[in-house]
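Q: To start, I am sharing the structure in question, which I have written as structure tokens.
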Amino acid sequence: MLTPKQKAYLKSLASKIPATFQIGKDGLNDNLLIDVLNYLNRHEIIKISILQNSNVDAEDVIKFFLTKQIEFVQKIGRQMIFYKHSNNVKDPIVLPIKK
């Protein structure tokens, strides 16, 4: 579970990156999950947007990824930020220490 300070730090990092994945009419499926997990394994943070033609809403997306131990950081409109720690990153994200 991320602390508010850690979430604020991740939000500041994510503000600089574009939405990497878009969820459209195909919705949530295994291929999307595999691609997102592979991306998080290399980058640790991801921004996902939901297209207008999608049949899922933000709450569905958040629940879908939380079941895969991916941390939810923030939702702004139809964009969401997620984080998952990875040991395979050259320059890992160093989160502020929990107190």
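Residue numbers start at 1 in each chain; chains themselves are named A, B, ... in the order of the structure tokens; ligands are numbered from 1 in the order shown.
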For Leu32 of chain A, list every protein, DNA or RNA residue within 12 Å, evaluated using only C-alpha atoms, and leave out those in the same chain fewer than 6 positions away; present the list as a PyMOL selection string.
A: chain A and resi 20-24+26+38-39+48+61+64-65
Q: At what distance in Å, to one decimal, does atom CA of Ile93 of chain A lie from atom CA of Asn29 of chain A?
A: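 Taking atom CA of Asn29 of chain A and atom CA of Ile93 of chain A, their separation equals 27.6 Å.
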Q: How would you write, as a PyMOL selection string, the set of residues in chain A that DSSP gives as alpha helix (DSSP H)?
A: chain A and resi 4-14+30-43+58-66
Q: Expressed in Å to a single decimal, how great is the separation between atom CA of Tyr83 of chain A and atom CA of Ile45 of chain A?
A: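 Interatomic distance here is 4.5 Å.
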Q: When DSSP is applied to the backbone of this structure, which of chain A are assigned strand (DSSP E or B)? Write them out as number ranges by chain.
A: A: 21-23, 45-50, 71-76, 79-83
Q: Can I get the selection written as a PDB file, in the first residue's frame, with C-alpha atoms?
A:
```
ATOM      1  CA  PHE A  21      -1.939   2.243 -23.144  1.00  0.00           C
ATOM      2  CA  GLN A  22      -5.490   2.935 -24.235  1.00  0.00           C
ATOM      3  CA  ILE A  23      -8.481   0.793 -23.361  1.00  0.00           C
ATOM      4  CA  ILE A  45       5.008   3.356 -13.718  1.00  0.00           C
ATOM      5  CA  ILE A  46       2.324   3.556 -16.384  1.00  0.00           C
ATOM      6  CA  LYS A  47      -0.417   5.915 -17.485  1.00  0.00           C
ATOM      7  CA  ILE A  48      -3.521   4.342 -19.041  1.00  0.00           C
ATOM      8  CA  SER A  49      -6.440   6.124 -20.695  1.00  0.00           C
ATOM      9  CA  ILE A  50      -9.947   4.885 -21.401  1.00  0.00           C
ATOM     10  CA  GLU A  71      -0.807  -0.249  -7.165  1.00  0.00           C
ATOM     11  CA  PHE A  72      -3.333   2.419  -8.118  1.00  0.00           C
ATOM     12  CA  VAL A  73      -1.868   5.930  -7.837  1.00  0.00           C
ATOM     13  CA  GLN A  74      -4.321   8.439  -9.323  1.00  0.00           C
ATOM     14  CA  LYS A  75      -7.314   8.926 -11.597  1.00  0.00           C
ATOM     15  CA  ILE A  76      -7.867  12.136 -13.527  1.00  0.00           C
ATOM     16  CA  GLN A  79      -6.657   8.605 -17.295  1.00  0.00           C
ATOM     17  CA  MET A  80      -5.197   6.500 -14.521  1.00  0.00           C
ATOM     18  CA  ILE A  81      -1.702   6.026 -13.141  1.00  0.00           C
ATOM     19  CA  PHE A  82      -0.481   2.665 -11.842  1.00  0.00           C
ATOM     20  CA  TYR A  83       2.766   1.528 -10.215  1.00  0.00           C
TER      21      TYR A  83
END
```
Q: Nearest to Thr67 of chain A: which of A:Val89, A:Leu13, A:Leu33, A:Leu2 is it, counting only C-alpha atoms?
A: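 Looking only at the distances to Thr67 of chain A, the closest residue turns out to be A:Leu33.
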